[in-house]
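Data file: input-v7.csv. Format and content: CSV, C-alpha atoms.
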chain,number,residue,atom,x,y,z
W,1,MET,CA,155.7,68.5,34.8
W,2,LYS,CA,155.4,70.2,38.2
W,3,GLU,CA,156.1,68.3,41.4
W,4,SER,CA,152.5,68.5,42.4
W,5,ASP,CA,151.4,67.2,39.0
W,6,GLU,CA,153.8,64.3,39.3
W,7,ARG,CA,152.5,63.3,42.7
W,8,TYR,CA,148.9,63.6,41.5
W,9,GLU,CA,149.7,61.3,38.5
W,10,GLU,CA,151.5,58.8,40.7
W,11,LEU,CA,148.7,58.7,43.2
W,12,GLY,CA,146.1,57.3,40.8
W,13,ASN,CA,143.4,57.5,43.4
W,14,TRP,CA,141.7,60.4,45.1
W,15,ASP,CA,139.6,58.4,47.6
W,16,PHE,CA,140.0,59.7,51.2
W,17,SER,CA,137.5,57.3,52.7
W,18,SER,CA,140.1,55.3,54.6
W,19,ILE,CA,141.1,58.4,56.6
W,20,ASN,CA,139.2,58.7,59.9
W,21,CYS,CA,137.8,62.2,60.1
W,22,GLU,CA,134.6,63.9,61.3
W,23,GLU,CA,133.4,67.1,59.7
W,24,GLU,CA,131.4,70.0,61.0
W,25,TYR,CA,130.1,72.6,58.5
W,26,GLU,CA,128.9,76.1,59.4
W,27,ASN,CA,126.5,76.1,56.5
W,28,ASN,CA,124.6,73.5,54.5
W,29,TRP,CA,125.9,74.3,50.9
W,30,ASP,CA,126.5,70.9,49.3
W,31,MET,CA,127.8,70.6,45.7
W,32,TYR,CA,126.1,67.3,45.0
W,33,GLU,CA,122.7,68.5,46.4
W,34,GLU,CA,123.0,71.5,44.0
W,35,ILE,CA,123.7,69.2,41.1
W,36,LYS,CA,120.7,67.0,42.0
W,37,LYS,CA,118.5,70.2,42.2
W,38,TYR,CA,119.4,71.3,38.7
W,39,SER,CA,119.5,67.9,37.0
W,40,ASN,CA,116.9,65.5,35.6
W,41,GLU,CA,116.7,62.1,33.8
W,42,LYS,CA,117.9,63.7,30.5
W,43,SER,CA,120.8,65.8,31.9
W,44,LEU,CA,124.2,65.5,30.3
W,45,ILE,CA,126.8,66.4,33.0
W,46,LEU,CA,130.5,67.1,32.5
W,47,ASP,CA,132.6,66.5,35.7
W,48,LEU,CA,136.0,68.2,35.4
W,49,GLY,CA,139.0,67.0,37.5
W,50,THR,CA,137.1,63.8,38.3
W,51,GLY,CA,140.1,62.0,39.8
W,52,GLY,CA,139.5,58.3,40.3
W,53,GLY,CA,135.7,58.8,39.8
W,54,GLU,CA,134.9,58.3,43.5
W,55,LYS,CA,132.6,61.2,43.8
W,56,ILE,CA,130.7,60.4,40.6
W,57,ILE,CA,130.1,56.9,42.0
W,58,SER,CA,129.2,57.9,45.6
W,59,LYS,CA,127.7,61.4,45.3
W,60,MET,CA,126.4,62.2,41.9
W,61,PRO,CA,122.7,61.7,41.0
W,62,LYS,CA,122.0,58.3,39.5
W,63,ASN,CA,118.9,59.3,37.5
W,64,VAL,CA,120.6,61.4,34.8
W,65,GLY,CA,121.2,60.9,31.1
W,66,MET,CA,125.0,60.6,31.3
W,67,ILE,CA,127.9,61.8,33.4
W,68,ILE,CA,131.3,62.3,31.6
W,69,GLY,CA,134.2,62.5,34.0
W,70,THR,CA,137.5,63.9,32.8
W,71,ASP,CA,140.9,64.3,34.3
W,72,LEU,CA,144.4,65.3,33.1
W,73,SER,CA,145.9,62.1,34.7
W,74,PRO,CA,145.8,58.9,32.6
W,75,ASN,CA,146.4,57.0,35.9
W,76,MET,CA,143.4,58.6,37.5
W,77,ILE,CA,141.2,57.8,34.6
W,78,LYS,CA,142.4,54.2,34.6
W,79,THR,CA,141.4,54.0,38.3
W,80,ALA,CA,138.0,55.6,37.5
W,81,LYS,CA,137.2,53.0,34.8
W,82,GLU,CA,138.2,50.2,37.2
W,83,ASN,CA,136.0,51.7,39.9
W,84,LEU,CA,133.1,52.0,37.5
W,85,LYS,CA,133.1,48.3,36.7
W,86,LYS,CA,131.8,47.6,40.2
W,87,HIS,CA,128.8,49.9,39.6
W,88,PRO,CA,127.1,49.0,36.3
W,89,GLU,CA,124.0,50.9,37.4
W,90,ILE,CA,125.8,54.3,37.1
W,91,LYS,CA,125.6,55.9,33.6
W,92,ALA,CA,129.1,57.4,33.3
W,93,LYS,CA,132.1,57.5,31.0
W,94,PHE,CA,135.7,58.7,31.7
W,95,SER,CA,138.2,60.3,29.5
W,96,VAL,CA,141.7,61.9,29.8
W,97,MET,CA,141.4,65.7,29.2
W,98,ASP,CA,142.9,69.0,30.2
W,99,ASN,CA,140.4,71.2,32.1
W,100,LEU,CA,141.7,74.2,30.4
W,101,LYS,CA,141.2,72.8,26.9
W,102,ILE,CA,137.8,71.2,26.9
W,103,GLU,CA,137.5,68.8,23.9
W,104,PHE,CA,133.8,68.8,23.4
W,105,PRO,CA,131.5,70.7,21.0
W,106,ASP,CA,129.7,74.0,21.8
W,107,GLY,CA,126.5,73.8,23.8
W,108,LEU,CA,126.7,70.1,24.5
W,109,PHE,CA,126.2,70.0,28.3
W,110,ASP,CA,123.4,70.8,30.7
W,111,ILE,CA,125.7,71.0,33.8
W,112,VAL,CA,129.4,71.3,34.3
W,113,SER,CA,130.8,70.5,37.7
W,114,ALA,CA,134.3,71.1,39.0
W,115,ARG,CA,135.5,70.1,42.5
W,116,HIS,CA,138.8,71.2,43.9
W,117,THR,CA,140.3,71.8,40.4
W,118,VAL,CA,141.4,74.5,38.0
W,119,ILE,CA,138.8,75.8,35.5
W,120,ASN,CA,138.6,77.7,32.3
W,121,ALA,CA,135.4,79.7,32.6
W,122,LYS,CA,135.3,80.7,28.9
W,123,GLU,CA,135.6,77.0,27.8
W,124,ILE,CA,132.9,76.0,30.2
W,125,TYR,CA,130.6,78.7,29.0
W,126,ARG,CA,131.2,77.5,25.4
W,127,VAL,CA,130.3,73.8,26.1
W,128,LEU,CA,127.2,74.6,28.1
W,129,ASN,CA,123.9,74.9,26.4
W,130,GLU,CA,121.7,78.0,26.7
W,131,LYS,CA,120.1,76.9,30.0
W,132,GLY,CA,123.4,75.4,31.3
W,133,ILE,CA,124.6,75.6,34.8
W,134,LEU,CA,128.2,75.6,36.2
W,135,ILE,CA,128.6,74.3,39.8
W,136,VAL,CA,132.0,74.7,41.4
W,137,ARG,CA,133.4,73.8,44.8
W,138,GLY,CA,136.9,75.1,45.5
W,139,VAL,CA,139.6,75.3,48.2
W,140,ASP,CA,140.2,78.9,49.3
W,141,LYS,CA,143.4,80.7,50.2
W,142,TYR,CA,142.8,80.5,54.0
W,143,ASP,CA,142.1,76.8,54.0
W,144,CYS,CA,144.2,75.1,56.8
W,145,TRP,CA,145.7,78.6,57.5
W,146,ASP,CA,147.1,77.8,60.9
W,147,LEU,CA,148.9,74.8,59.5
W,148,LYS,CA,150.2,76.7,56.5
W,149,GLU,CA,151.5,79.5,58.8
W,150,LEU,CA,153.3,77.1,61.0
W,151,PHE,CA,155.0,75.5,57.9
W,152,GLY,CA,155.6,78.9,56.2
W,153,GLY,CA,153.8,78.0,53.0
W,154,GLY,CA,151.3,75.8,51.2
W,155,GLN,CA,148.5,75.8,48.7
W,156,SER,CA,147.6,79.4,47.7
W,157,PHE,CA,149.7,80.7,50.6
W,158,ASN,CA,151.2,83.6,48.6
W,159,ASP,CA,148.3,84.3,46.4
W,160,LYS,CA,147.3,88.0,46.4
W,161,ILE,CA,143.7,87.2,45.3
W,162,PRO,CA,141.8,84.3,46.9
W,163,SER,CA,140.8,81.5,44.6
W,164,SER,CA,137.1,82.2,45.3
W,165,GLN,CA,137.4,85.7,44.1
W,166,LYS,CA,139.5,84.7,41.1
W,167,ASP,CA,137.0,82.1,40.0
W,168,TYR,CA,134.1,84.4,40.6
W,169,ASP,CA,135.6,87.2,38.5
W,170,GLU,CA,136.6,84.9,35.7
W,171,ILE,CA,133.1,83.3,35.6
W,172,LYS,CA,131.5,86.7,35.4
W,173,GLU,CA,133.9,87.8,32.7
W,174,ALA,CA,133.1,84.7,30.6
W,175,GLY,CA,129.5,85.9,30.2
W,176,PHE,CA,127.5,84.0,32.9
W,177,LYS,CA,124.4,86.1,33.8
W,178,GLU,CA,123.8,84.9,37.4
W,179,VAL,CA,126.8,84.0,39.6
W,180,GLU,CA,126.4,83.2,43.3
W,181,LEU,CA,129.4,82.7,45.5
W,182,THR,CA,129.1,81.0,48.9
W,183,LYS,CA,131.9,80.8,51.5
W,184,ILE,CA,132.0,77.4,53.2
W,185,LYS,CA,133.8,77.1,56.6
W,186,ALA,CA,134.3,73.7,58.2
W,187,LYS,CA,136.1,72.0,61.1
W,188,GLU,CA,137.6,68.6,60.5
W,189,TYR,CA,138.6,66.4,63.5
W,190,TYR,CA,141.1,63.6,62.7
W,191,LYS,CA,140.9,60.6,64.9
W,192,THR,CA,144.7,60.0,65.1
W,193,LYS,CA,147.8,61.9,63.9
W,194,GLU,CA,148.3,59.1,61.4
W,195,ASP,CA,145.0,60.0,59.8
W,196,LEU,CA,146.1,63.7,59.5
W,197,PHE,CA,149.5,62.6,58.2
W,198,ALA,CA,147.8,60.5,55.5
W,199,LEU,CA,145.8,63.5,54.4
W,200,LEU,CA,148.9,65.7,54.1
W,201,LEU,CA,150.7,63.0,52.1
W,202,LYS,CA,147.7,62.7,49.7
W,203,ALA,CA,146.4,66.3,49.4
W,204,PRO,CA,148.4,69.3,48.1
W,205,ILE,CA,147.9,71.4,51.3
W,206,LEU,CA,151.5,71.8,52.1
W,207,ASP,CA,154.4,72.3,49.7
W,208,GLY,CA,156.6,69.2,49.2
W,209,PHE,CA,155.1,67.4,52.2
W,210,SER,CA,156.3,63.9,51.5
W,211,LEU,CA,158.2,61.0,53.1
W,212,GLU,CA,160.3,60.9,49.9
W,213,ILE,CA,162.3,64.0,50.9
W,214,ARG,CA,165.9,62.9,50.7
W,215,ASN,CA,167.3,65.7,52.8
W,216,GLU,CA,167.2,64.3,56.4
W,217,GLU,CA,167.4,67.7,58.0
W,218,ILE,CA,164.4,69.1,56.0
W,219,LEU,CA,162.4,65.9,56.6
W,220,ARG,CA,163.1,66.1,60.4
W,221,LYS,CA,162.0,69.7,60.5
W,222,LYS,CA,158.7,68.9,58.7
W,223,ILE,CA,158.0,66.1,61.1
W,224,ASP,CA,158.8,68.2,64.1
W,225,LEU,CA,156.4,70.9,62.9
W,226,PHE,CA,153.8,68.3,62.3
W,227,GLU,CA,154.2,67.0,65.8
W,228,LYS,CA,153.9,70.6,67.1
W,229,TYR,CA,150.7,71.2,65.2
W,230,VAL,CA,149.2,67.9,66.5
W,231,LYS,CA,150.0,68.8,70.1
W,232,GLU,CA,148.6,72.4,69.8
W,233,ASN,CA,145.4,71.3,68.0
W,234,ASN,CA,144.5,68.1,69.9
W,235,THR,CA,140.9,68.2,71.1
W,236,PRO,CA,138.5,65.7,72.7
W,237,LYS,CA,136.9,65.3,69.2
W,238,GLY,CA,140.2,64.7,67.5
W,239,ILE,CA,143.0,66.8,65.9
W,240,LEU,CA,141.4,69.9,64.6
W,241,LEU,CA,142.0,71.2,61.1
W,242,LYS,CA,140.1,74.4,60.0
W,243,ARG,CA,139.0,74.3,56.4
W,244,GLN,CA,137.8,77.0,54.1
W,245,TYR,CA,136.1,76.2,50.8
W,246,TYR,CA,133.7,78.0,48.5
W,247,GLY,CA,130.8,77.1,46.3
W,248,ILE,CA,129.8,78.9,43.0
W,249,ILE,CA,126.6,78.4,41.0
W,250,ALA,CA,126.6,80.2,37.7
W,251,LYS,CA,123.8,80.3,35.1
W,252,LYS,CA,124.5,80.9,31.4
W,253,GLU,CA,121.2,82.7,31.0
Please lay out the structure from this file as structure tokens.
Amino acid sequence: MKESDERYEELGNWDFSSINCEEEYENNWDMYEEIKKYSNEKSLILDLGTGGGEKIISKMPKNVGMIIGTDLSPNMIKTAKENLKKHPEIKAKFSVMDNLKIEFPDGLFDIVSARHTVINAKEIYRVLNEKGILIVRGVDKYDCWDLKELFGGGQSFNDKIPSSQKDYDEIKEAGFKEVELTKIKAKEYYKTKEDLFALLLKAPILDGFSLEIRNEEILRKKIDLFEKYVKENNTPKGILLKRQYYGIIAKKE
């Protein structure tokens, strides 16, 4: 298991609500508004990489037939099931599953959603019905680029092809007839450096950014770089982090 997978499994919760941050988006593309647009009271939705189920509970439409959330991490799914107990009004189920090997029959789902996770476009195409819709929100190569450049690495830092283009090409190759790619730029302002630090400990933005590093010299260097970033990006609104995401809507027919 990769270090990032081990950290993900150990985390068991993907809820960032305790981190004080204000967001400003350059456009109004919203994954969950798109899901609402294409769903109805009979829709069966598969949510890939659902984490602890926080987004299903807080963002997904309530008036659908059923939402099935899957995640590779048993710990995440355990958290999702516990979270769901507090919301009996939500029609959802959770199951451990690998995104790349979808364990459902052909043509079962009306919508497949995937947020900040890997996908297998051919498998998604297979499990969608004839009128099915795929809705993706991803993190692109140049997300947090100033921070990654300062640290000399990070998520997708050395990728030759941005994730947005890779997903777009693979979705087209899988057979989807209409594929629309939207670039999403945002600015996040963190209230304190502790809030930003909490994000970096939780999200896989930087390689090996963890307080568990046993090499004191490496740990000190990372902390010094972090302090440098905070100083250079402190604004009246908070500590600025430039984000770059993408949204994809793909129709099977």
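Between CA of Ile45 in chain W and CA of Lys131 in chain W the separation is 12.8 Å.
Checking W:Ile171, W:Leu108, W:Met76, W:Glu54 one by one against Ile90 in chain W, counting all atoms listed in the file, you find the shortest gap at W:Glu54.
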Can you tell me, as a PyMOL selection string, which residues sit within 6 Å of (130.2, 82.1, 39.5) in the file's frame, using all atoms listed in the file?
-> chain W and resi 168+171+179-180+248-250
W:Leu147, W:Leu200, W:Val118, W:Ala92 ranked by distance to Asp167 in chain W, top pick (using all atoms listed in the file) |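 Looking only at the distances to Asp167 in chain W, the closest residue turns out to be W:Val118.
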Out of W:Met31, W:Leu240, W:Met60, W:Leu46, which residue has the shortest atom-to-atom distance to Lys193 in chain W when counting all atoms listed in the file?
->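 Among the listed residues, W:Leu240 lies closest to Lys193 in chain W.
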CA of Asp71 in chain W to CA of Glu23 in chain W, straight-line distance in Å |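 Between these atoms lies a distance of 26.6 Å.
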